[in-house]
>>> print(open('my_file11.txt').read())   # compact mmCIF, C-alpha atoms
# COMPACT_ATOMS: atom_id res chain seq x y z
CA MET A 104 51.39 99.76 100.22
CA GLU A 105 48.72 99.70 102.84
CA MET A 106 46.37 96.78 102.77
CA SER A 107 42.76 97.66 102.54
CA GLU A 108 39.57 95.67 102.59
CA GLN A 109 37.44 98.65 101.70
CA LYS A 110 36.10 98.82 98.23
CA ASP A 111 37.19 102.42 97.81
CA GLY A 112 40.68 101.33 98.82
CA ILE A 113 40.71 98.77 96.04
CA ALA A 114 39.55 101.29 93.46
CA GLU A 115 42.39 103.58 94.56
CA VAL A 116 45.01 100.83 94.42
CA ALA A 117 43.75 99.79 91.01
CA ARG A 118 43.89 103.32 89.65
CA GLU A 119 47.36 103.94 91.09
CA THR A 120 48.62 100.66 89.65
CA LEU A 121 47.21 101.37 86.21
CA GLU A 122 48.59 104.92 86.17
CA LYS A 123 51.99 103.74 87.35
CA LEU A 124 52.15 101.03 84.68
CA LEU A 125 51.12 103.41 81.91
CA GLY A 126 53.67 105.97 83.07
CA LEU A 127 56.46 103.38 83.12
CA MET A 128 55.38 102.17 79.68
CA GLY A 129 55.95 105.69 78.42
CA VAL A 130 52.46 106.43 77.18
CA SER A 131 50.79 109.70 78.03
CA THR A 132 47.24 108.95 78.98
CA SER A 133 44.76 109.64 81.67
CA VAL A 134 42.73 107.08 83.52
CA VAL A 135 39.08 107.54 84.34
CA LEU A 136 37.10 105.35 86.69
CA VAL A 137 33.93 104.90 84.69
CA SER A 138 31.73 102.90 86.95
CA GLU A 139 31.42 100.25 89.53
CA LEU A 140 29.72 97.36 87.83
CA ALA A 141 27.07 95.65 89.87
CA ALA A 142 28.12 92.04 90.18
CA GLU A 143 25.77 89.83 88.25
CA GLY A 144 23.87 87.23 90.15
CA GLU A 145 25.88 86.65 93.27
CA GLU A 146 24.51 88.23 96.40
CA GLY A 147 27.00 90.21 98.41
CA ALA A 148 29.71 89.99 95.77
CA LEU A 149 31.81 93.11 95.41
CA PRO A 150 31.03 95.14 92.32
CA GLY A 151 33.59 95.21 89.52
CA LEU A 152 35.55 98.28 88.55
CA ILE A 153 35.69 99.67 85.04
CA PHE A 154 38.47 102.01 84.02
CA ASP A 155 38.71 103.84 80.76
CA ILE A 156 41.98 105.08 79.33
CA GLU A 157 41.98 108.33 77.39
CA GLY A 158 44.78 110.03 75.53
CA ASP A 159 47.10 109.59 72.57
CA ASP A 160 48.92 106.39 71.56
CA LEU A 161 45.87 104.30 72.20
CA GLY A 162 46.51 101.97 69.25
CA ILE A 163 49.81 100.78 70.68
CA LEU A 164 48.07 100.06 73.99
CA ILE A 165 45.38 97.96 72.36
CA GLY A 166 47.79 95.84 70.36
CA ARG A 167 47.05 93.11 67.88
CA ARG A 168 43.60 91.64 68.51
CA GLY A 169 43.55 93.58 71.76
CA GLN A 170 46.34 91.49 73.19
CA THR A 171 48.24 94.34 74.82
CA LEU A 172 45.07 95.65 76.43
CA ALA A 173 44.29 92.14 77.70
CA CYS A 174 47.79 91.88 79.23
CA LEU A 175 47.44 95.29 80.86
CA GLN A 176 44.14 94.27 82.43
CA PHE A 177 45.58 90.94 83.55
CA MET A 178 48.57 92.68 85.14
CA VAL A 179 46.46 95.24 87.00
CA ARG A 180 44.22 92.46 88.37
CA LEU A 181 47.26 90.46 89.44
CA ILE A 182 48.96 93.36 91.20
CA VAL A 183 45.78 94.57 92.90
CA ALA A 184 44.92 91.05 94.08
CA HIS A 185 48.44 90.58 95.43
CA ARG A 186 48.43 93.92 97.24
CA THR A 187 44.94 93.95 98.67
CA LYS A 188 44.37 90.19 99.02
CA VAL A 189 40.88 90.81 97.68
CA TRP A 190 39.79 89.69 94.26
CA ARG A 191 37.55 92.10 92.51
CA PRO A 192 36.73 92.13 88.80
CA ILE A 193 38.60 94.95 87.10
CA VAL A 194 37.90 95.85 83.51
CA ILE A 195 40.08 98.18 81.51
CA ASP A 196 38.76 99.71 78.34
CA ILE A 197 40.31 102.06 75.85
CA GLY A 198 37.97 104.45 74.16
CA ASP A 199 35.18 102.21 73.04
CA TYR A 200 37.43 99.32 72.14
CA ASN A 201 35.76 96.62 74.23
CA ARG A 202 32.26 97.57 73.18
CA ARG A 203 33.14 97.83 69.50
CA ARG A 204 35.05 94.55 69.65
CA GLN A 205 32.08 92.86 71.29
CA GLU A 206 29.71 94.12 68.61
CA ALA A 207 32.07 93.05 65.84
CA LEU A 208 32.46 89.57 67.35
CA GLN A 209 28.72 89.18 67.72
CA ALA A 210 28.14 90.17 64.11
CA LEU A 211 30.84 87.70 63.03
CA ALA A 212 29.26 84.93 65.11
CA PHE A 213 25.81 85.50 63.60
CA ARG A 214 27.19 85.64 60.06
CA MET A 215 29.19 82.45 60.40
CA ALA A 216 26.36 80.61 62.15
CA GLU A 217 24.15 81.42 59.19
CA GLN A 218 26.75 79.96 56.84
CA VAL A 219 27.19 76.82 58.93
CA LYS A 220 23.44 76.33 58.96
CA GLU A 221 23.20 76.69 55.18
CA ARG A 222 26.14 74.51 54.28
CA GLY A 223 25.83 72.00 57.08
CA VAL A 224 29.60 71.90 57.68
CA PRO A 225 31.55 73.11 60.73
CA PHE A 226 33.48 76.37 60.51
CA ALA A 227 36.53 77.29 62.61
CA LEU A 228 37.09 80.96 63.48
CA GLU A 229 40.58 82.41 63.78
CA PRO A 230 42.34 81.87 67.13
CA MET A 231 41.30 84.41 69.75
CA PRO A 232 41.71 85.12 73.46
CA ALA A 233 39.39 83.57 76.04
CA ALA A 234 37.29 86.71 76.53
CA ASP A 235 36.60 86.92 72.80
CA ARG A 236 35.76 83.23 72.54
CA ARG A 237 33.32 83.69 75.38
CA ILE A 238 31.51 86.40 73.45
CA ILE A 239 31.15 84.05 70.46
CA HIS A 240 29.88 81.19 72.64
CA LEU A 241 27.38 83.45 74.39
CA SER A 242 26.21 85.03 71.12
CA LEU A 243 25.27 81.61 69.77
CA ALA A 244 24.15 79.93 72.98
CA GLU A 245 20.48 80.44 72.13
CA ASN A 246 20.83 79.67 68.44
CA PRO A 247 18.91 76.44 67.72
CA ASP A 248 20.74 75.76 64.44
CA VAL A 249 24.34 75.54 65.66
CA THR A 250 26.51 74.59 68.61
CA THR A 251 29.95 75.94 69.49
CA GLN A 252 33.11 74.34 70.81
CA SER A 253 36.62 75.53 71.51
CA SER A 254 39.50 73.54 70.12
CA GLY A 255 43.27 73.88 69.96
CA GLU A 256 45.75 74.74 72.66
CA ARG A 257 46.81 78.03 74.23
CA GLU A 258 47.50 80.71 71.60
CA GLU A 259 45.92 78.57 68.91
CA ARG A 260 42.66 78.02 70.72
CA LYS A 261 39.67 78.92 68.59
CA VAL A 262 35.92 78.54 68.39
CA VAL A 263 34.41 76.01 66.03
CA ILE A 264 30.79 76.48 65.00
CA LEU A 265 29.04 73.20 64.22
CA PRO A 266 25.67 72.48 62.70
CA GLN A 267 23.21 71.24 65.29
CA GLU A 268 22.59 67.51 64.96
CA PRO A 269 18.92 66.98 64.20
CA LEU A 270 17.14 65.41 67.14
CA ASP A 271 15.60 62.06 66.27
CA MET B 1227 62.66 99.50 80.75
CA LYS B 1228 64.21 98.29 83.93
CA GLU B 1229 61.87 100.34 86.09
CA LEU B 1230 58.79 98.83 84.46
CA VAL B 1231 59.95 95.26 85.09
CA GLU B 1232 61.07 96.17 88.59
CA PHE B 1233 57.73 97.72 89.48
CA ILE B 1234 55.76 94.73 88.19
CA ALA B 1235 58.04 92.13 89.77
CA LYS B 1236 58.10 93.86 93.16
CA SER B 1237 54.32 94.19 93.08
CA ILE B 1238 53.62 90.49 92.58
CA VAL B 1239 56.25 88.68 94.63
CA ASP B 1240 56.32 87.94 98.34
CA ALA B 1241 59.96 88.96 98.71
CA PRO B 1242 60.30 92.30 96.85
CA ASP B 1243 63.72 92.95 98.41
CA GLU B 1244 65.10 89.97 96.52
CA VAL B 1245 64.08 91.28 93.12
CA LYS B 1246 67.20 92.02 91.09
CA ILE B 1247 67.47 93.10 87.50
CA GLU B 1248 70.61 93.18 85.40
CA GLU B 1249 70.80 95.07 82.15
CA GLU B 1250 72.90 93.95 79.23
CA THR B 1251 73.18 95.82 75.95
CA THR B 1252 74.08 93.90 72.82
CA GLU B 1253 73.78 94.80 69.14
CA GLU B 1254 70.41 93.01 69.27
CA GLY B 1255 69.16 95.54 71.78
CA LEU B 1256 68.66 95.45 75.50
CA THR B 1257 68.40 92.27 77.57
CA LEU B 1258 66.94 92.40 81.05
CA LYS B 1259 67.73 89.55 83.42
CA LEU B 1260 65.20 89.30 86.20
CA GLN B 1261 66.06 87.43 89.33
CA VAL B 1262 63.66 86.73 92.18
CA ALA B 1263 63.60 84.50 95.27
CA ASP B 1264 63.15 80.82 94.38
CA GLU B 1265 59.71 80.73 96.02
CA ASP B 1266 58.65 83.68 93.89
CA LYS B 1267 59.68 82.26 90.54
CA GLY B 1268 56.24 80.88 89.83
CA ARG B 1269 54.75 84.28 90.62
CA VAL B 1270 56.68 86.04 87.87
CA ILE B 1271 56.41 83.20 85.35
CA GLY B 1272 52.85 82.03 85.91
CA LYS B 1273 51.00 79.03 84.56
CA GLN B 1274 52.32 78.22 81.10
CA GLY B 1275 54.44 81.37 81.33
CA ARG B 1276 51.40 83.59 81.20
CA ILE B 1277 52.69 86.23 83.61
CA ALA B 1278 56.13 86.39 81.99
CA GLU B 1279 54.44 86.81 78.61
CA ALA B 1280 52.26 89.63 79.94
CA ILE B 1281 55.35 91.41 81.31
CA ARG B 1282 57.04 91.00 77.90
CA THR B 1283 54.00 92.37 76.09
CA LEU B 1284 53.90 95.50 78.25
CA LEU B 1285 57.65 95.87 77.90
CA ARG B 1286 57.32 95.79 74.11
CA VAL B 1287 55.12 98.90 74.24
CA LYS B 1288 57.84 100.76 76.10
CA ALA B 1289 60.50 99.44 73.70
CA ALA B 1290 58.45 100.44 70.66
CA LYS B 1291 58.08 103.95 72.06
CA ALA B 1292 61.83 104.12 72.57
CA ASP B 1293 62.36 102.61 69.09
CA THR B 1294 64.46 99.76 70.42
CA LYS B 1295 64.23 96.05 71.15
CA VAL B 1296 64.19 94.42 74.53
CA ARG B 1297 64.39 90.86 75.77
CA LEU B 1298 63.37 89.66 79.19
CA GLU B 1299 64.99 86.62 80.74
CA ILE B 1300 63.99 85.17 84.04
CA ILE B 1301 66.95 83.54 85.73
>>> encode(input="my_file11.txt", output="structure tokens")
Amino acid sequence: MEMSEQKDGIAEVARETLEKLLGLMGVSTSVVLVSELAAEGEEGALPGLIFDIEGDDLGILIGRRGQTLACLQFMVRLIVAHRTKVWRPIVIDIGDYNRRRQEALQALAFRMAEQVKERGVPFALEPMPAADRRIIHLSLAENPDVTTQSSGEREERKVVILPQEPLD
Amino acid sequence: MKELVEFIAKSIVDAPDEVKIEEETTEEGLTLKLQVADEDKGRVIGKQGRIAEAIRTLLRVKAAKADTKVRLEII
């Protein structure tokens, strides 16, 4: 594999890697490069790449709570970083899974925050991967009635929503 | 099965020529024994076994498609 510093080179390596993995996993799909995400904030940072997977068998690729999809994305990032020696954010989506998941998590966060506010007792959500916990934290970051924390280790790590202590 | 593990392992180690995989079939299903250079062990296992777990997760998709079970050992 030729090393490349060019951003187009990285997109190509990423696509090849993803297609190769999917082929070896025995799923018949096609990979579409959706867009090059503009990096948020940082000047001069390379834009991220978003790939979408289309085809049959998509459920098996998503896995429970999106775990298989998360592993696939992790593996592609790892291989691309090792081959190109350049780290660039790579996002892999399947159908609308990521977007729908994000909306569902946001709705859950708002619902539970409302409950915590009413009852005044903390509520722990089910364990979820880091990316999902981040969505919950961000959804409630601006909420004046509650705060969020993560607790538990590794696979058991989950978000706890706590009532905001009144300021004296 | 073997090809998937081989592709991943060779893509993330520094010494791809030292990647070896043995296959063993038992009544439980297939066991793959992955061997890499000592310096590369951390690269296929990862912090808290994260990389090994990711390889196993992807392997399970392939196994499910083939309607079989597969185990991955790193030796």
>>> closest_residue(input="my_file11.txt", among="B:Glu1279, B:Glu1299, B:Glu1249, B:Asp1293", to="chain A", atoms="only C-alpha atoms")
B:Glu1279
>>> residues_near_point(input="my_file11.txt", point="(55.2, 83.8, 92.2)", cutoff="12 Å", atoms="only C-alpha atoms", output="ChimeraX atom specification")
/A:181-182,185 /B:1234-1242,1245,1261-1273,1275-1278
>>> write_last_selection(input="my_file11.txt", atoms="C-alpha atoms", output="JSON list (two decimals), in the coordinates of the input")
[["chain", "number", "residue", "atom", "x", "y", "z"],
["A", 181, "LEU", "CA", 47.26, 90.46, 89.44],
["A", 182, "ILE", "CA", 48.96, 93.36, 91.20],
["A", 185, "HIS", "CA", 48.44, 90.58, 95.43],
["B", 1234, "ILE", "CA", 55.76, 94.73, 88.19],
["B", 1235, "ALA", "CA", 58.04, 92.13, 89.77],
["B", 1236, "LYS", "CA", 58.10, 93.86, 93.16],
["B", 1237, "SER", "CA", 54.32, 94.19, 93.08],
["B", 1238, "ILE", "CA", 53.62, 90.49, 92.58],
["B", 1239, "VAL", "CA", 56.25, 88.68, 94.63],
["B", 1240, "ASP", "CA", 56.32, 87.94, 98.34],
["B", 1241, "ALA", "CA", 59.96, 88.96, 98.71],
["B", 1242, "PRO", "CA", 60.30, 92.30, 96.85],
["B", 1245, "VAL", "CA", 64.08, 91.28, 93.12],
["B", 1261, "GLN", "CA", 66.06, 87.43, 89.33],
["B", 1262, "VAL", "CA", 63.66, 86.73, 92.18],
["B", 1263, "ALA", "CA", 63.60, 84.50, 95.27],
["B", 1264, "ASP", "CA", 63.15, 80.82, 94.38],
["B", 1265, "GLU", "CA", 59.71, 80.73, 96.02],
["B", 1266, "ASP", "CA", 58.65, 83.68, 93.89],
["B", 1267, "LYS", "CA", 59.68, 82.26, 90.54],
["B", 1268, "GLY", "CA", 56.24, 80.88, 89.83],
["B", 1269, "ARG", "CA", 54.75, 84.28, 90.62],
["B", 1270, "VAL", "CA", 56.68, 86.04, 87.87],
["B", 1271, "ILE", "CA", 56.41, 83.20, 85.35],
["B", 1272, "GLY", "CA", 52.85, 82.03, 85.91],
["B", 1273, "LYS", "CA", 51.00, 79.03, 84.56],
["B", 1275, "GLY", "CA", 54.44, 81.37, 81.33],
["B", 1276, "ARG", "CA", 51.40, 83.59, 81.20],
["B", 1277, "ILE", "CA", 52.69, 86.23, 83.61],
["B", 1278, "ALA", "CA", 56.13, 86.39, 81.99]]
>>> interface_residues(input="my_file11.txt", of="chain A", to="chain B", cutoff="10 Å", atoms="all atoms listed in the file", output="NGL selection string")
:A and (104 or 120 or 123-130 or 160 or 163-166 or 170-179 or 181-186 or 257)
>>> atom_distance(input="my_file11.txt", atom1="atom CA of Glu268 of chain A", atom2="atom CA of Gly223 of chain A")
9.6 Å
>>> residues_around(input="my_file11.txt", residues="segment 237-247 of chain A", least_positions_apart="4", cutoff="9 Å", atoms="only C-alpha atoms", output="MDAnalysis selection string")
chainID A and resid 205 208:213 216 232:233 251:253 262 264 267
>>> write_last_selection(input="my_file11.txt", atoms="C-alpha atoms", output="short mmCIF file (atom, residue, chain, number, x, y, z; two decimals), in the coordinates of the input")
data_model
loop_
_atom_site.label_atom_id
_atom_site.label_comp_id
_atom_site.auth_asym_id
_atom_site.auth_seq_id
_atom_site.Cartn_x
_atom_site.Cartn_y
_atom_site.Cartn_z
CA GLN A 205 32.08 92.86 71.29
CA LEU A 208 32.46 89.57 67.35
CA GLN A 209 28.72 89.18 67.72
CA ALA A 210 28.14 90.17 64.11
CA LEU A 211 30.84 87.70 63.03
CA ALA A 212 29.26 84.93 65.11
CA PHE A 213 25.81 85.50 63.60
CA ALA A 216 26.36 80.61 62.15
CA PRO A 232 41.71 85.12 73.46
CA ALA A 233 39.39 83.57 76.04
CA THR A 251 29.95 75.94 69.49
CA GLN A 252 33.11 74.34 70.81
CA SER A 253 36.62 75.53 71.51
CA VAL A 262 35.92 78.54 68.39
CA ILE A 264 30.79 76.48 65.00
CA GLN A 267 23.21 71.24 65.29
#
>>> atom_distance(input="my_file11.txt", atom1="atom CA of Val116 of chain A", atom2="atom CA of Arg180 of chain A")
10.4 Å
>>> atom_distance(input="my_file11.txt", atom1="atom CA of Arg191 of chain A", atom2="atom CA of Glu119 of chain A")
15.4 Å
>>> residues_around(input="my_file11.txt", residues="Leu1258 of chain B", least_positions_apart="3", cutoff="7 Å", atoms="all atoms listed in the file", output="list in words")
Ile1247, Glu1248, Glu1249, Glu1250, Arg1297, Leu1298 and Glu1299 of chain B
>>> build_atoms(input="my_file11.txt", residues="segment 242-253 of chain A", atoms="all heavy atoms", output="PDB file, keeping the file's coordinate frame")
ATOM      1  N   SER A 242      27.029  84.506  72.215  1.00  0.00           N
ATOM      2  CA  SER A 242      26.210  85.030  71.120  1.00  0.00           C
ATOM      3  C   SER A 242      25.380  83.920  70.474  1.00  0.00           C
ATOM      4  O   SER A 242      24.293  84.164  69.974  1.00  0.00           O
ATOM      5  CB  SER A 242      27.071  85.661  70.026  1.00  0.00           C
ATOM      6  OG  SER A 242      27.888  86.657  70.555  1.00  0.00           O
ATOM      7  N   LEU A 243      25.936  82.704  70.477  1.00  0.00           N
ATOM      8  CA  LEU A 243      25.270  81.610  69.770  1.00  0.00           C
ATOM      9  C   LEU A 243      24.616  80.599  70.698  1.00  0.00           C
ATOM     10  O   LEU A 243      24.071  79.590  70.247  1.00  0.00           O
ATOM     11  CB  LEU A 243      26.277  80.914  68.833  1.00  0.00           C
ATOM     12  CG  LEU A 243      26.874  81.818  67.741  1.00  0.00           C
ATOM     13  CD1 LEU A 243      27.880  81.069  66.912  1.00  0.00           C
ATOM     14  CD2 LEU A 243      25.768  82.400  66.847  1.00  0.00           C
ATOM     15  N   ALA A 244      24.673  80.889  72.003  1.00  0.00           N
ATOM     16  CA  ALA A 244      24.150  79.930  72.980  1.00  0.00           C
ATOM     17  C   ALA A 244      22.671  79.618  72.733  1.00  0.00           C
ATOM     18  O   ALA A 244      22.216  78.499  72.927  1.00  0.00           O
ATOM     19  CB  ALA A 244      24.354  80.459  74.395  1.00  0.00           C
ATOM     20  N   GLU A 245      21.931  80.616  72.302  1.00  0.00           N
ATOM     21  CA  GLU A 245      20.480  80.440  72.130  1.00  0.00           C
ATOM     22  C   GLU A 245      20.106  80.050  70.708  1.00  0.00           C
ATOM     23  O   GLU A 245      18.936  79.889  70.405  1.00  0.00           O
ATOM     24  CB  GLU A 245      19.776  81.765  72.455  1.00  0.00           C
ATOM     25  CG  GLU A 245      20.135  82.344  73.813  1.00  0.00           C
ATOM     26  CD  GLU A 245      19.284  81.761  74.924  1.00  0.00           C
ATOM     27  OE1 GLU A 245      18.081  82.046  74.939  1.00  0.00           O
ATOM     28  OE2 GLU A 245      19.829  81.007  75.745  1.00  0.00           O
ATOM     29  N   ASN A 246      21.099  79.979  69.844  1.00  0.00           N
ATOM     30  CA  ASN A 246      20.830  79.670  68.440  1.00  0.00           C
ATOM     31  C   ASN A 246      20.504  78.180  68.275  1.00  0.00           C
ATOM     32  O   ASN A 246      21.332  77.330  68.579  1.00  0.00           O
ATOM     33  CB  ASN A 246      22.064  80.047  67.607  1.00  0.00           C
ATOM     34  CG  ASN A 246      21.799  79.983  66.123  1.00  0.00           C
ATOM     35  OD1 ASN A 246      21.173  79.034  65.643  1.00  0.00           O
ATOM     36  ND2 ASN A 246      22.270  80.970  65.400  1.00  0.00           N
ATOM     37  N   PRO A 247      19.315  77.840  67.794  1.00  0.00           N
ATOM     38  CA  PRO A 247      18.910  76.440  67.720  1.00  0.00           C
ATOM     39  C   PRO A 247      19.596  75.680  66.563  1.00  0.00           C
ATOM     40  O   PRO A 247      19.578  74.458  66.539  1.00  0.00           O
ATOM     41  CB  PRO A 247      17.400  76.512  67.474  1.00  0.00           C
ATOM     42  CG  PRO A 247      17.176  77.836  66.818  1.00  0.00           C
ATOM     43  CD  PRO A 247      18.249  78.751  67.321  1.00  0.00           C
ATOM     44  N   ASP A 248      20.202  76.404  65.638  1.00  0.00           N
ATOM     45  CA  ASP A 248      20.740  75.760  64.440  1.00  0.00           C
ATOM     46  C   ASP A 248      22.189  75.301  64.579  1.00  0.00           C
ATOM     47  O   ASP A 248      22.667  74.487  63.800  1.00  0.00           O
ATOM     48  CB  ASP A 248      20.660  76.716  63.238  1.00  0.00           C
ATOM     49  CG  ASP A 248      19.241  77.175  62.992  1.00  0.00           C
ATOM     50  OD1 ASP A 248      18.331  76.329  63.078  1.00  0.00           O
ATOM     51  OD2 ASP A 248      19.041  78.379  62.755  1.00  0.00           O
ATOM     52  N   VAL A 249      22.917  75.883  65.528  1.00  0.00           N
ATOM     53  CA  VAL A 249      24.340  75.540  65.660  1.00  0.00           C
ATOM     54  C   VAL A 249      24.736  75.330  67.118  1.00  0.00           C
ATOM     55  O   VAL A 249      24.026  75.741  68.029  1.00  0.00           O
ATOM     56  CB  VAL A 249      25.248  76.678  65.086  1.00  0.00           C
ATOM     57  CG1 VAL A 249      25.041  76.852  63.595  1.00  0.00           C
ATOM     58  CG2 VAL A 249      25.006  77.989  65.822  1.00  0.00           C
ATOM     59  N   THR A 250      25.887  74.645  67.293  1.00  0.00           N
ATOM     60  CA  THR A 250      26.510  74.590  68.610  1.00  0.00           C
ATOM     61  C   THR A 250      27.934  75.106  68.455  1.00  0.00           C
ATOM     62  O   THR A 250      28.448  75.179  67.342  1.00  0.00           O
ATOM     63  CB  THR A 250      26.571  73.149  69.171  1.00  0.00           C
ATOM     64  OG1 THR A 250      27.229  72.323  68.210  1.00  0.00           O
ATOM     65  CG2 THR A 250      25.206  72.590  69.454  1.00  0.00           C
ATOM     66  N   THR A 251      28.565  75.461  69.571  1.00  0.00           N
ATOM     67  CA  THR A 251      29.950  75.940  69.490  1.00  0.00           C
ATOM     68  C   THR A 251      30.836  75.129  70.415  1.00  0.00           C
ATOM     69  O   THR A 251      30.390  74.629  71.444  1.00  0.00           O
ATOM     70  CB  THR A 251      30.048  77.428  69.890  1.00  0.00           C
ATOM     71  OG1 THR A 251      29.529  77.592  71.226  1.00  0.00           O
ATOM     72  CG2 THR A 251      29.281  78.326  68.941  1.00  0.00           C
ATOM     73  N   GLN A 252      32.092  75.014  70.004  1.00  0.00           N
ATOM     74  CA  GLN A 252      33.110  74.340  70.810  1.00  0.00           C
ATOM     75  C   GLN A 252      34.393  75.117  70.674  1.00  0.00           C
ATOM     76  O   GLN A 252      34.592  75.777  69.663  1.00  0.00           O
ATOM     77  CB  GLN A 252      33.367  72.933  70.256  1.00  0.00           C
ATOM     78  CG  GLN A 252      32.383  71.887  70.691  1.00  0.00           C
ATOM     79  CD  GLN A 252      32.628  70.571  69.969  1.00  0.00           C
ATOM     80  OE1 GLN A 252      33.661  70.391  69.329  1.00  0.00           O
ATOM     81  NE2 GLN A 252      31.678  69.664  70.076  1.00  0.00           N
ATOM     82  N   SER A 253      35.283  74.972  71.691  1.00  0.00           N
ATOM     83  CA  SER A 253      36.620  75.530  71.510  1.00  0.00           C
ATOM     84  C   SER A 253      37.568  74.379  71.239  1.00  0.00           C
ATOM     85  O   SER A 253      37.431  73.311  71.828  1.00  0.00           O
ATOM     86  CB  SER A 253      37.085  76.275  72.762  1.00  0.00           C
ATOM     87  OG  SER A 253      36.386  77.492  72.875  1.00  0.00           O
TER      88      SER A 253
END
